[in-house]
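Novice: This is structure02.txt, which holds compact mmCIF, N, CA, C and O atoms:
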# COMPACT_ATOMS: atom_id res chain seq x y z
N MET G 1 0.85 -1.17 0.00
CA MET G 1 0.00 0.00 0.00
C MET G 1 0.89 1.24 0.00
O MET G 1 1.90 1.29 0.68
N THR G 2 0.50 2.25 -0.75
CA THR G 2 1.25 3.50 -0.75
C THR G 2 0.45 4.56 0.00
O THR G 2 -0.77 4.54 0.00
N PHE G 3 1.18 5.45 0.60
CA PHE G 3 0.54 6.48 1.40
C PHE G 3 0.87 7.86 0.84
O PHE G 3 1.97 8.08 0.35
N ASP G 4 -0.08 8.73 0.95
CA ASP G 4 0.09 10.11 0.53
C ASP G 4 1.22 10.74 1.32
O ASP G 4 1.26 10.62 2.55
N ASN G 5 2.15 11.38 0.63
CA ASN G 5 3.28 12.03 1.29
C ASN G 5 2.82 13.03 2.34
O ASN G 5 3.45 13.19 3.39
N LYS G 6 1.71 13.68 2.07
CA LYS G 6 1.15 14.67 3.00
C LYS G 6 0.78 14.01 4.33
O LYS G 6 1.02 14.57 5.40
N THR G 7 0.22 12.83 4.26
CA THR G 7 -0.18 12.09 5.46
C THR G 7 1.05 11.72 6.29
O THR G 7 1.07 11.91 7.51
N VAL G 8 2.07 11.21 5.62
CA VAL G 8 3.30 10.80 6.31
C VAL G 8 3.99 12.02 6.92
O VAL G 8 4.40 12.00 8.07
N THR G 9 4.09 13.09 6.14
CA THR G 9 4.74 14.32 6.62
C THR G 9 4.00 14.89 7.83
O THR G 9 4.62 15.33 8.80
N ALA G 10 2.68 14.89 7.78
CA ALA G 10 1.88 15.39 8.90
C ALA G 10 2.11 14.54 10.15
O ALA G 10 2.22 15.07 11.26
N ALA G 11 2.19 13.23 9.97
CA ALA G 11 2.42 12.34 11.12
C ALA G 11 3.79 12.60 11.73
O ALA G 11 3.94 12.64 12.96
N VAL G 12 4.80 12.78 10.88
CA VAL G 12 6.15 13.08 11.38
C VAL G 12 6.14 14.38 12.18
O VAL G 12 6.66 14.46 13.29
N LYS G 13 5.52 15.41 11.62
CA LYS G 13 5.44 16.71 12.30
C LYS G 13 4.73 16.58 13.65
O LYS G 13 5.18 17.10 14.66
N ASN G 14 3.61 15.88 13.65
CA ASN G 14 2.86 15.69 14.90
C ASN G 14 3.68 14.97 15.96
O ASN G 14 3.65 15.33 17.13
N MET G 15 4.41 13.94 15.54
CA MET G 15 5.22 13.19 16.50
C MET G 15 6.34 14.06 17.07
O MET G 15 6.61 14.04 18.27
N ILE G 16 6.97 14.85 16.22
CA ILE G 16 8.04 15.74 16.69
C ILE G 16 7.47 16.81 17.61
O ILE G 16 8.04 17.10 18.67
N ASP G 17 6.34 17.39 17.22
CA ASP G 17 5.70 18.42 18.06
C ASP G 17 5.32 17.86 19.43
O ASP G 17 5.48 18.52 20.45
N GLN G 18 4.79 16.64 19.43
CA GLN G 18 4.33 16.05 20.68
C GLN G 18 5.44 15.48 21.55
O GLN G 18 5.41 15.61 22.77
N TYR G 19 6.42 14.83 20.91
CA TYR G 19 7.41 14.06 21.68
C TYR G 19 8.84 14.57 21.57
O TYR G 19 9.72 14.07 22.27
N GLY G 20 9.10 15.53 20.70
CA GLY G 20 10.45 16.07 20.55
C GLY G 20 11.46 14.98 20.28
O GLY G 20 11.30 14.17 19.37
N GLY G 21 12.50 14.95 21.09
CA GLY G 21 13.59 13.98 20.92
C GLY G 21 13.19 12.54 21.15
O GLY G 21 13.95 11.63 20.82
N ARG G 22 12.01 12.31 21.68
CA ARG G 22 11.52 10.94 21.90
C ARG G 22 10.60 10.46 20.78
O ARG G 22 10.01 9.39 20.87
N ALA G 23 10.48 11.26 19.72
CA ALA G 23 9.54 10.92 18.65
C ALA G 23 9.82 9.55 18.03
O ALA G 23 8.89 8.76 17.83
N LEU G 24 11.07 9.25 17.75
CA LEU G 24 11.40 7.97 17.14
C LEU G 24 11.04 6.81 18.07
O LEU G 24 10.47 5.80 17.62
N ALA G 25 11.32 6.94 19.33
CA ALA G 25 10.98 5.89 20.30
C ALA G 25 9.46 5.69 20.35
O ALA G 25 8.98 4.56 20.43
N GLU G 26 8.71 6.78 20.29
CA GLU G 26 7.25 6.68 20.31
C GLU G 26 6.71 6.02 19.04
O GLU G 26 5.75 5.25 19.09
N VAL G 27 7.32 6.33 17.91
CA VAL G 27 6.93 5.67 16.66
C VAL G 27 7.19 4.18 16.78
O VAL G 27 6.35 3.35 16.38
N ASP G 28 8.33 3.82 17.33
CA ASP G 28 8.66 2.40 17.50
C ASP G 28 7.66 1.69 18.41
O ASP G 28 7.31 0.53 18.16
N VAL G 29 7.18 2.37 19.44
CA VAL G 29 6.16 1.79 20.32
C VAL G 29 4.90 1.49 19.51
O VAL G 29 4.31 0.41 19.62
N ARG G 30 4.47 2.44 18.70
CA ARG G 30 3.27 2.24 17.88
C ARG G 30 3.46 1.08 16.91
O ARG G 30 2.56 0.27 16.72
N ILE G 31 4.64 1.00 16.32
CA ILE G 31 4.92 -0.09 15.37
C ILE G 31 4.81 -1.44 16.07
O ILE G 31 4.18 -2.37 15.55
N GLU G 32 5.39 -1.55 17.25
CA GLU G 32 5.33 -2.82 17.98
C GLU G 32 3.89 -3.18 18.37
O GLU G 32 3.49 -4.34 18.27
N GLU G 33 3.12 -2.18 18.77
CA GLU G 33 1.72 -2.43 19.12
C GLU G 33 0.94 -2.92 17.90
O GLU G 33 0.14 -3.86 18.00
N LEU G 34 1.17 -2.28 16.76
CA LEU G 34 0.45 -2.68 15.55
C LEU G 34 0.86 -4.06 15.07
O LEU G 34 0.03 -4.81 14.56
N LYS G 35 2.13 -4.41 15.25
CA LYS G 35 2.58 -5.77 14.90
C LYS G 35 1.84 -6.79 15.73
O LYS G 35 1.37 -7.81 15.21
N SER G 36 1.72 -6.53 17.02
CA SER G 36 1.07 -7.49 17.90
C SER G 36 -0.43 -7.60 17.63
O SER G 36 -1.03 -8.64 17.86
N LEU G 37 -1.02 -6.52 17.13
CA LEU G 37 -2.45 -6.52 16.83
C LEU G 37 -2.76 -6.97 15.40
O LEU G 37 -3.93 -7.12 15.04
N GLU G 38 -1.69 -7.15 14.61
CA GLU G 38 -1.82 -7.58 13.22
C GLU G 38 -2.66 -6.61 12.39
O GLU G 38 -3.48 -7.02 11.58
N HIS G 39 -2.43 -5.33 12.58
CA HIS G 39 -3.10 -4.27 11.80
C HIS G 39 -2.14 -3.87 10.67
O HIS G 39 -1.41 -2.89 10.78
N GLN G 40 -2.16 -4.63 9.58
CA GLN G 40 -1.16 -4.50 8.53
C GLN G 40 -1.16 -3.12 7.86
O GLN G 40 -0.10 -2.54 7.66
N ASP G 41 -2.32 -2.59 7.51
CA ASP G 41 -2.36 -1.29 6.82
C ASP G 41 -1.79 -0.17 7.70
O ASP G 41 -0.99 0.64 7.26
N ALA G 42 -2.20 -0.15 8.95
CA ALA G 42 -1.70 0.86 9.87
C ALA G 42 -0.20 0.66 10.13
O ALA G 42 0.55 1.63 10.21
N LEU G 43 0.22 -0.59 10.21
CA LEU G 43 1.63 -0.90 10.41
C LEU G 43 2.46 -0.35 9.25
O LEU G 43 3.50 0.28 9.46
N GLU G 44 2.00 -0.56 8.04
CA GLU G 44 2.72 -0.07 6.87
C GLU G 44 2.84 1.45 6.90
O GLU G 44 3.89 2.01 6.56
N LEU G 45 1.78 2.12 7.31
CA LEU G 45 1.83 3.58 7.42
C LEU G 45 2.89 4.00 8.43
O LEU G 45 3.73 4.86 8.16
N TRP G 46 2.90 3.39 9.61
CA TRP G 46 3.85 3.79 10.64
C TRP G 46 5.28 3.42 10.28
O TRP G 46 6.23 4.10 10.70
N LEU G 47 5.47 2.39 9.48
CA LEU G 47 6.81 2.08 8.99
C LEU G 47 7.29 3.18 8.04
O LEU G 47 8.47 3.55 8.06
N GLU G 48 6.38 3.70 7.23
CA GLU G 48 6.72 4.83 6.36
C GLU G 48 7.01 6.08 7.18
O GLU G 48 7.94 6.83 6.87
N VAL G 49 6.22 6.31 8.21
CA VAL G 49 6.45 7.44 9.10
C VAL G 49 7.84 7.32 9.73
O VAL G 49 8.60 8.29 9.80
N ARG G 50 8.19 6.11 10.15
CA ARG G 50 9.50 5.89 10.77
C ARG G 50 10.63 6.22 9.79
O ARG G 50 11.61 6.87 10.15
N LYS G 51 10.50 5.76 8.55
CA LYS G 51 11.52 6.05 7.54
C LYS G 51 11.67 7.55 7.34
O LYS G 51 12.79 8.07 7.29
N ALA G 52 10.55 8.24 7.21
CA ALA G 52 10.58 9.69 7.00
C ALA G 52 11.18 10.41 8.21
O ALA G 52 11.95 11.36 8.05
N LEU G 53 10.83 9.96 9.39
CA LEU G 53 11.36 10.57 10.61
C LEU G 53 12.87 10.34 10.71
O LEU G 53 13.62 11.26 11.04
N CYS G 54 13.32 9.15 10.42
CA CYS G 54 14.76 8.86 10.44
C CYS G 54 15.50 9.74 9.44
O CYS G 54 16.57 10.28 9.75
N PHE G 55 14.93 9.91 8.26
CA PHE G 55 15.54 10.77 7.26
C PHE G 55 15.62 12.21 7.77
O PHE G 55 16.65 12.86 7.65
N LYS G 56 14.55 12.68 8.36
CA LYS G 56 14.53 14.05 8.89
C LYS G 56 15.57 14.23 9.99
O LYS G 56 16.29 15.23 10.02
N ILE G 57 15.67 13.26 10.87
CA ILE G 57 16.65 13.33 11.96
C ILE G 57 18.07 13.34 11.38
O ILE G 57 18.91 14.15 11.77
N GLU G 58 18.30 12.43 10.44
CA GLU G 58 19.63 12.30 9.84
C GLU G 58 20.03 13.58 9.11
O GLU G 58 21.15 14.06 9.28
N THR G 59 19.13 14.15 8.35
CA THR G 59 19.48 15.34 7.58
C THR G 59 19.55 16.59 8.43
O THR G 59 20.27 17.53 8.09
N SER G 60 18.86 16.61 9.55
CA SER G 60 18.90 17.80 10.40
C SER G 60 20.09 17.78 11.36
O SER G 60 20.45 18.82 11.90
N THR G 61 20.70 16.63 11.56
CA THR G 61 21.83 16.55 12.49
C THR G 61 23.17 16.58 11.77
O THR G 61 24.19 16.70 12.42
N LYS G 62 23.17 16.48 10.46
CA LYS G 62 24.42 16.56 9.72
C LYS G 62 24.88 18.01 9.67
O LYS G 62 24.11 18.91 9.36
N SER G 63 26.13 18.20 9.98
CA SER G 63 26.65 19.56 9.91
C SER G 63 27.07 19.86 8.47
O SER G 63 27.56 18.99 7.77
N PRO G 64 26.87 21.09 8.05
CA PRO G 64 27.26 21.46 6.68
C PRO G 64 28.78 21.38 6.52
O PRO G 64 29.53 21.64 7.45
N LYS G 65 29.18 20.98 5.33
CA LYS G 65 30.61 20.89 5.05
C LYS G 65 31.18 22.27 4.79
O LYS G 65 30.53 23.08 4.12
N PRO G 66 32.36 22.54 5.32
CA PRO G 66 32.97 23.87 5.13
C PRO G 66 33.38 24.13 3.70
O PRO G 66 33.54 23.32 2.90
Let me see whether you can do it: turn the structure in this file into structure tokens.

Specialist:
Amino acid sequence: MTFDNKTVTAAVKNMIDQYGGRALAEVDVRIEELKSLEHQDALELWLEVRKALCFKIETSTKSPKP
């Protein structure tokens, strides 16, 4: 299943706004809960959110090259 980029981006923003530096850990909690409940569609969405959040974290923590 593919998800609208807007949906994923909004979820990333909401997680950062709500949890700050703990956003990735909170996303991981949701992923584990969805795995145990076997909610495949929601799980796929949160896996996409996790990828986008990791990318955002990685690109925002890299220092610019001189």

Novice: Counting all atoms listed in the file, what is within 8 Å of range 9-16 of chain G, bar same-chain residues fewer than 2 positions away, as a list in words?

Specialist: Phe3, Asp4, Asn5, Lys6, Thr7, Gln18, Tyr19, Gly20, Gly21, Arg22, Ala23, Leu24, Glu26, Val27, Glu48, Val49, Arg50, Ala52 and Leu53 of chain G

Novice: Find, counting only C-alpha atoms, the residue in G:Val8, G:Leu45, G:Cys54, G:Leu37 that gets nearest to Ala25 in chain G.

Specialist: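 Under the stated criterion, the closest residue is G:Cys54.
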
Novice: Excluding Leu47 in chain G and any residue of its chain fewer than 4 positions from it, enumerate the residues within 9 Å of it, using only C-alpha atoms, and give them as a PyMOL selection string.

Specialist: chain G and resi 27-28+31+42-43+51-52

Novice: Work out how far CA of Lys56 in chain G is from CA of His39 in chain G, in Å to one decimal.

Specialist: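 Rounded to one decimal, the two atoms are 25.6 Å apart.
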
Novice: Between CA of Val29 in chain G and atom O of Lys62 in chain G, what is the distance in Å, rounded to a tenth?

Specialist: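 Value for the CA of Val29 in chain G-atom O of Lys62 in chain G distance: 27.1 Å.
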
Novice: By how many Å are atom O of Trp46 in chain G and atom O of Glu33 in chain G apart?

Specialist: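 So the answer is 12.4 Å.
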
Novice: Quick check for you: according to DSSP on this backbone, which residues of chain G are classed as alpha helix (DSSP H)? Reply as an MDAnalysis selection string.

Specialist: chainID G and resid 5:19 23:37 40:61

Novice: If you take every atom of range 49-52 of chain G that the file lists and fit an axis-aligned box around them with 4 Å extra on each side, what centre and edge lengths come out in Å to one decimal, as JSON?

Specialist:
{"center_x": 9.5, "center_y": 8.6, "center_z": 8.9, "size_x": 14.6, "size_y": 13.6, "size_z": 11.8}
